[in-house]
Protein chains: 2
Amino acid sequence: MKLGNVIVGQSGGPTSVINSSLAGVFKTAKQLGAPVVYGMRNGIEGLLEERYIDMSEYIKGDLEVELLKRTPSAYLGSCRFKLPTYEKSPETYDKIIEVLRKLDVKHFFYIGGNDSMDTIKQLSEYAKVKNITDITFMGVPKTIDNDLAVTDHTPGYGSAAKYIGATVKEIIQDAYVQPINIVTVIEIMGRNAGWLAAASALAKGDDCPGADLIYLPESVFDIGKFVQKVKDIQKDKKQVVVCVSEGIKTADGKYVCESAATSTMVDSFGHKMLGGTASTLSTLLAGELGCKTRPIEFSTIQRCASHIGSLTDVTEAFLIGAVAVKAAAEGETGKVGVFERVSNKPYLVGTSIYDVNAIANVEKTVPKEWIINDGTGLSQEAIDYMSPLIQGEVYPYMVNGLPKHIRLD
Amino acid sequence: MKLGNVIVGQSGGPTSVINSSLAGVFKTAKQLGAPVVYGMRNGIEGLLEERYIDMSEYIKGDLEVELLKRTPSAYLGSCRFKLPTYEKSPETYDKIIEVLRKLDVKHFFYIGGNDSMDTIKQLSEYAKVKNITDITFMGVPKTIDNDLAVTDHTPGYGSAAKYIGATVKEIIQDAYVQPINIVTVIEIMGRNAGWLAAASALAKGDDCPGADLIYLPESVFDIGKFVQKVKDIQKDKKQVVVCVSEGIKTADGKYVCESAATSTMVDSFGHKMLGGTASTLSTLLAGELGCKTRPIEFSTIQRCASHIGSLTDVTEAFLIGAVAVKAAAEGETGKVGVFERVSNKPYLVGTSIYDVNAIANVEKTVPKEWIINDGTGLSQEAIDYMSPLIQGEVYPYMVNGLPKHIRLD
């Protein structure tokens with residue numbers, strides 16, 4: 001089946017490879033005959049304001065496609081717009097369909113994480129109820145958090161994991177350099193799922209002792225036990241390196257960073273905005289141990305450091321965009337492109353599509369059995385799962401000493 | 001002249017390329033006939049405890065030399081040992097000479113910044129006074145801070161500047177993605193000299209709007225004016241990106257971060273240890289503007305991110321180590337290897353040696369005339385100075401998806 005007009009949007013927090021998925025949707029849609037591929041500016045939020053572009057006017061050839069694959073963050077702009085339910089705001093749905101009809105769009109693609117998959121779920125359900133059979137709605141997974149259900153992993157995670165592994169390795173080189181007692185506490189993103197902090201375990205190898213302690217939000221964080229463990233490690237060596245998820249919680253369900261009167265801002269999805277876990281723990285340790293401590297926060301750098309992108313991730317992000325487009329061309333709707341892993345060594349992975357209802361609003365955390373050493377380390381199984389996702393390099397096009405990007409505005 | 005035994009040490013905060021200078025000293029010393037090249041463990045501090053290695057036992061061939069050039073932080077370990085004056089501690093000097101005599105060392109090299117050059121100054125003066133004519137003392141410059149006098153620039157700065165330019169570019173991509181008012185405040189190292197924060201100006205180009213405001217410690221920071229400037233920028237656009245040196249001070253001479261009761265630890269050189277400037281300003285702006293703000297601290301990552309090393313920097317770091325060794329072979333002592341720039345376009349640079357007395361304990365700051373726009377930007381002259389230093393890439397040897405390092409312990 002030949003494609004009709006396509007519209008594609010990006011949503012949620014950006015990643016290093018969300019633009020590679022955009023490139024995959026765009027290029028495949030054009031190859032499958034889509035007359036026009038529109039891009040929503042700032043996702044649904046822009047669509048409702050009728051802000052969109054004809055992507056062919058900007059992405060004119062392979063150079064732009066390749067630049068897009070190497071440009072971090074969302075080329076079209078993103079949003080954190082939570083689509084209200086139909087019951088609450090039928091006019092929002094009517095407006096979306098009105099804009100799609102105006103552009104004669106037949107295929108709608110939304111690249112995003114959990115919340116964005118909810119958008120696809122609601123739009124495809126709405127279409128079903130309203131008997132709109134000539135527009136398909138497909139999700140393309142994206143999130144550095146790797147917390148989407150069903151899919152083996154999510155595009156964006158591999159590049160973030162590669163950045164985290166490489167940078168933790170470099171920081172450990174730095175941390176061991178002075179002959180003094182020092183504890184380095186590295187804070188890594190991850191509200192409820194510890195996949196990103198788990199990637200710090202990849203740093204360990206012949207040439208690196210690795211982090212001494214890694215804490216994920218999947219385990220309860222015991223402050224007293226933590227201080228004792230650091231003390232125990234200091235009996236053997238001066239330098240201690242700790243990696244923590246921003247979202248680690250104590251037994252009372254409170255975030256560790258909440259004890260330090262840090263930000264209590266809430267984003268538009270009602271998620272508590274975190275920060276300061278490393279600072280909180282560093283200050284605590286400095287008081288308890290009387291030694292130098294150093295907090296390091298990877299902050300947004302970990303989601304946009306495309307200068308050390310994973311080839312596997314960039315390639316797969318493109319591929320899963322293409323998979324969604326092909327499925328739409330075959331008439332599928334209300335589905336999401338997913339990865340199915342066949343084996344770790346060699347790394348073999350297949351692609352498929354899956355009902356969005358099984359994915360939207362479901363959070364996949366790190367399996368409990370992968371978290372070992374009393375909640376302070378990752379099992380070999382975890383390493384074997386993560387390692388293939390960081391393989392290979394996509395170096396940026398360097399111009400005048402810096403990575404070249406492509407930019408709309 | 002054929003070299004006698006050599007000893008080399010690394011001191012102060014590590015950089016991405018301090019090991020490239022070590023490689024330059026080692027390889028050149030061996031080429032010029034040094035029977036043994038010793039490495040001090042943890043600089044002078046280790047030397048006084050008679051901790052050293054025979055480098056040939058570890059660096060056996062070109063592969064190790066190349067790995068050394070690509071490994072961040074100080075391979076031999078570093079220290080922050082401030083050599084006391086001879087008057088205060090003659091026994092320290094006697095002990096150093098005793099160890100050098102024991103190892104039959106004829107040439108002493110110390111790779112470091114301001115404080116390390118003071119070590120070379122004092123040791124060479126001591127040798128002169130004591131008529132020790134058969135041991136030379138040479139400094140090899142190193143510091144990401146770029147604050148050494150006489151030399152056009154210091155090895156370590158170029159790679160840090162490249163990391164800063166690339167990462168600021170990526171963060172700007174990320175910062176512009178949401179259609180909301182947001183101020184991103186990036187904190188960059190630099191206590192008294194703003195060279196590193198200045199490098200954020202390199203991010204601006206055809207494909208990047210650049211940081212809106214850049215503040216260096218060379219200018220007095222006025223909090224009221226700063227808030228007003230951000231407000232003014234927000235009249236035109238939603239996203240504002242600010243880059244600040246950690247060491248910016250208000251008119252009363254206080255660090256901006258001191259207003260937030262942050263760390264007041266002091267290192268062994270009596271330097272106040274800073275941190276929290278970005279957090280302080282972010283919190284301030286959130287209160288004043290009522291919008292989202294995001295502090296990002298590059299922390300130690302900026303000095304160890306050898307995964308995006310500058311080829312110019314790595315090459316020059318090796319070269320300046322070689323220059324120091326050649327000069328020592330010609331009988332020079334109490335000198336430091338320096339760079340002399342001939343032109344920016346094309347970038348032409350020569351090397352030379354210079355009296356350590358002109359360099360030790362002198363701090364070179366960013367010229368006032370390079371700081372423009374009421375203390376919020378850098379001139380074209382500044383850009384032209386910095387740009388050549390970030391050119392070219394030295395990619396790490398990637399093994400299993402991560403940079404391979406070489407490690408002593």
# chains A, B, ... in the order shown; residues from 1 in each chain; ligands from 1
$ residues_around --residues "Asp409 (chain A)" --least-positions-apart "2" --cutoff "10 Å" --atoms "only C-alpha atoms" --output "CSV table (one decimal) with C-alpha atoms, in the first residue's frame"
chain,number,residue,atom,x,y,z
A,75,TYR,CA,14.9,18.7,15.8
A,76,LEU,CA,11.1,19.5,15.6
A,77,GLY,CA,11.0,20.7,19.2
A,406,ILE,CA,21.3,20.6,12.0
A,407,ARG,CA,18.8,23.1,13.4
B,176,TYR,CA,15.7,24.9,23.2
B,207,ASP,CA,24.1,25.9,13.6
B,208,CYS,CA,24.0,27.2,17.2
B,209,PRO,CA,22.8,30.5,18.7
$ residues_around --residues "Ala305 (chain A)" --least-positions-apart "2" --cutoff "7 Å" --atoms "only C-alpha atoms" --output "PyMOL selection string"
(chain A and resi 16+163+301-303+307-308) or (chain B and resi 167+170)
$ interface_residues --of "chain B" --to "chain A" --cutoff "7 Å" --atoms "only C-alpha atoms" --output "number ranges by chain"
B: 14, 42, 72-74, 77-79, 165-167, 170-171, 173-174, 177-179, 207, 296, 299, 301, 304-305, 390-392, 400-403, 405-407
$ closest_residue --among "B:Gly190, B:Gly331, B:Pro90, B:Gly61" --to "Asp147 (chain B)" --atoms "only C-alpha atoms"
B:Gly190
$ closest_residue --among "A:Gly194, A:Pro396, A:Gly350, A:Pro84" --to "Val323 (chain A)" --atoms "only C-alpha atoms"
A:Gly350
$ atom_distance --atom1 "CA of Val8 (chain B)" --atom2 "CA of His107 (chain B)"
8.4 Å
$ residues_around --residues "Thr143 (chain B)" --least-positions-apart "6" --cutoff "7 Å" --atoms "only C-alpha atoms" --output "ChimeraX atom specification"
/B:15,112-113,154-157
$ select_by_dssp --residues "region 128-310 of chain B" --states "strand (DSSP E or B)" --output "MDAnalysis selection string"
chainID B and resid 136:141 148 182:188 205 208 213:215 239:245 249 255 266 272 292:297 309:310
$ write_last_selection --atoms "N, CA and C atoms" --output "tab-separated table (two decimals), in the first residue's frame"
chain	number	residue	atom	x	y	z
B	136	THR	N	69.65	18.64	36.55
B	136	THR	CA	68.85	19.73	35.99
B	136	THR	C	67.40	19.59	36.45
B	137	PHE	N	66.73	20.73	36.56
B	137	PHE	CA	65.32	20.75	36.98
B	137	PHE	C	64.50	21.51	35.94
B	138	MET	N	63.56	20.81	35.34
B	138	MET	CA	62.79	21.44	34.26
B	138	MET	C	61.29	21.28	34.49
B	139	GLY	N	60.56	22.34	34.14
B	139	GLY	CA	59.11	22.30	34.26
B	139	GLY	C	58.44	22.03	32.91
B	140	VAL	N	57.38	21.25	32.96
B	140	VAL	CA	56.56	21.02	31.77
B	140	VAL	C	55.16	21.54	32.10
B	141	PRO	N	54.69	22.55	31.37
B	141	PRO	CA	53.43	23.19	31.76
B	141	PRO	C	52.22	22.30	31.52
B	148	LEU	N	48.88	30.04	33.00
B	148	LEU	CA	50.33	30.22	33.19
B	148	LEU	C	50.84	31.41	32.38
B	182	ILE	N	12.68	28.90	30.14
B	182	ILE	CA	13.65	28.14	30.93
B	182	ILE	C	15.01	28.82	30.83
B	183	VAL	N	15.68	28.91	31.96
B	183	VAL	CA	17.05	29.45	31.98
B	183	VAL	C	17.99	28.32	32.39
B	184	THR	N	18.96	28.03	31.55
B	184	THR	CA	19.97	27.03	31.86
B	184	THR	C	21.24	27.76	32.29
B	185	VAL	N	21.76	27.42	33.45
B	185	VAL	CA	22.98	28.05	33.95
B	185	VAL	C	24.08	26.99	34.02
B	186	ILE	N	25.12	27.17	33.22
B	186	ILE	CA	26.20	26.18	33.15
B	186	ILE	C	27.41	26.72	33.92
B	187	GLU	N	27.88	25.92	34.86
B	187	GLU	CA	29.05	26.33	35.66
B	187	GLU	C	30.30	25.63	35.15
B	188	ILE	N	31.30	26.44	34.89
B	188	ILE	CA	32.54	25.94	34.29
B	188	ILE	C	33.69	26.27	35.24
B	205	GLY	N	27.64	29.49	16.34
B	205	GLY	CA	27.96	29.33	14.92
B	205	GLY	C	26.70	29.28	14.10
B	208	CYS	N	24.19	27.07	15.76
B	208	CYS	CA	23.98	27.19	17.20
B	208	CYS	C	23.94	28.66	17.61
B	213	LEU	N	24.70	34.70	27.67
B	213	LEU	CA	25.53	35.49	28.58
B	213	LEU	C	26.69	34.62	29.06
B	214	ILE	N	27.89	35.17	29.05
B	214	ILE	CA	29.06	34.45	29.54
B	214	ILE	C	29.77	35.35	30.55
B	215	TYR	N	29.93	34.85	31.77
B	215	TYR	CA	30.53	35.66	32.84
B	215	TYR	C	31.86	35.05	33.29
B	239	GLN	N	14.05	30.62	25.73
B	239	GLN	CA	15.17	29.88	26.30
B	239	GLN	C	16.41	30.76	26.45
B	240	VAL	N	16.95	30.77	27.64
B	240	VAL	CA	18.16	31.55	27.92
B	240	VAL	C	19.23	30.61	28.43
B	241	VAL	N	20.44	30.74	27.88
B	241	VAL	CA	21.55	29.91	28.33
B	241	VAL	C	22.67	30.82	28.83
B	242	VAL	N	23.10	30.57	30.07
B	242	VAL	CA	24.12	31.38	30.72
B	242	VAL	C	25.31	30.49	31.08
B	243	CYS	N	26.52	30.93	30.78
B	243	CYS	CA	27.71	30.20	31.19
B	243	CYS	C	28.49	31.05	32.18
B	244	VAL	N	28.87	30.47	33.31
B	244	VAL	CA	29.61	31.23	34.32
B	244	VAL	C	30.84	30.47	34.79
B	245	SER	N	31.89	31.21	35.08
B	245	SER	CA	33.03	30.64	35.79
B	245	SER	C	32.62	30.38	37.23
B	249	LYS	N	32.81	36.80	41.11
B	249	LYS	CA	32.69	37.48	42.41
B	249	LYS	C	31.88	38.76	42.28
B	255	TYR	N	32.75	35.36	46.50
B	255	TYR	CA	32.28	34.47	45.44
B	255	TYR	C	30.76	34.44	45.46
B	266	VAL	N	39.10	24.36	52.13
B	266	VAL	CA	40.29	24.99	51.56
B	266	VAL	C	41.28	23.88	51.24
B	272	LYS	N	40.44	28.45	48.21
B	272	LYS	CA	39.07	28.16	48.59
B	272	LYS	C	38.48	27.18	47.58
B	292	LYS	N	11.16	28.10	35.05
B	292	LYS	CA	12.02	26.93	35.28
B	292	LYS	C	13.47	27.34	35.06
B	293	THR	N	14.34	26.86	35.93
B	293	THR	CA	15.78	27.09	35.74
B	293	THR	C	16.48	25.75	35.92
B	294	ARG	N	17.64	25.62	35.30
B	294	ARG	CA	18.36	24.35	35.39
B	294	ARG	C	19.86	24.60	35.54
B	295	PRO	N	20.42	24.24	36.68
B	295	PRO	CA	21.87	24.37	36.85
B	295	PRO	C	22.58	23.14	36.31
B	296	ILE	N	23.66	23.35	35.60
B	296	ILE	CA	24.49	22.24	35.11
B	296	ILE	C	25.93	22.55	35.47
B	297	GLU	N	26.59	21.60	36.12
B	297	GLU	CA	27.98	21.81	36.50
B	297	GLU	C	28.85	20.83	35.72
B	309	GLY	N	39.13	14.50	22.96
B	309	GLY	CA	40.38	15.25	23.06
B	309	GLY	C	40.69	16.03	21.79
B	310	SER	N	41.39	17.14	21.96
B	310	SER	CA	41.83	17.94	20.82
B	310	SER	C	43.15	17.41	20.30
$ atom_distance --atom1 "CA of Val37 (chain A)" --atom2 "CA of Lys142 (chain A)"
19.9 Å
$ atom_distance --atom1 "CA of Ile96 (chain A)" --atom2 "CA of Gly4 (chain A)"
17.3 Å
$ select_by_dssp --residues "region 46-95 of chain A" --states "helix (DSSP H, G or I)" --output "ChimeraX atom specification"
/A:46-48,55-57,62-69,90-95
$ residues_around --residues "region 118-121 of chain B" --least-positions-apart "2" --cutoff "6 Å" --atoms "only C-alpha atoms" --output "VMD selection string"
chain B and resid 115 to 116 123 to 124 356 360
$ write_last_selection --atoms "N, CA and C atoms" --output "CSV table (one decimal), in the first residue's frame"
chain,number,residue,atom,x,y,z
B,115,ASP,N,51.6,25.9,40.8
B,115,ASP,CA,52.2,25.5,42.0
B,115,ASP,C,53.3,24.5,41.8
B,116,SER,N,53.2,23.8,40.7
B,116,SER,CA,54.3,22.8,40.4
B,116,SER,C,55.5,23.6,39.8
B,123,LEU,N,63.5,24.2,43.7
B,123,LEU,CA,64.5,23.1,43.6
B,123,LEU,C,65.7,23.6,42.8
B,124,SER,N,65.5,24.3,41.7
B,124,SER,CA,66.6,24.8,40.9
B,124,SER,C,67.4,25.9,41.6
B,356,VAL,N,62.0,29.8,34.8
B,356,VAL,CA,60.8,29.4,35.6
B,356,VAL,C,60.4,30.6,36.5
B,360,ALA,N,56.5,30.8,37.6
B,360,ALA,CA,56.0,30.3,38.9
B,360,ALA,C,55.2,31.4,39.6
$ residues_around --residues "Gly39 (chain B)" --least-positions-apart "5" --cutoff "8 Å" --atoms "only C-alpha atoms" --output "ChimeraX atom specification"
/B:7-9,52-55,76
$ write_last_selection --atoms "C-alpha atoms" --output "PDB file, in the first residue's frame"
ATOM      1  CA  ILE B   7      62.870  11.180  36.826  1.00  0.00           C
ATOM      2  CA  VAL B   8      59.485  12.649  35.971  1.00  0.00           C
ATOM      3  CA  GLY B   9      56.466  13.501  38.086  1.00  0.00           C
ATOM      4  CA  TYR B  52      58.714   5.466  42.093  1.00  0.00           C
ATOM      5  CA  ILE B  53      58.725   3.134  39.110  1.00  0.00           C
ATOM      6  CA  ASP B  54      61.048   2.376  36.230  1.00  0.00           C
ATOM      7  CA  MET B  55      58.757   3.464  33.428  1.00  0.00           C
ATOM      8  CA  LEU B  76      51.794   8.223  37.801  1.00  0.00           C
TER       9      LEU B  76
END
$ closest_residue --among "B:Cys257, B:Gly334, B:Leu216, B:Tyr347" --to "Asp374 (chain B)" --atoms "only C-alpha atoms"
B:Leu216
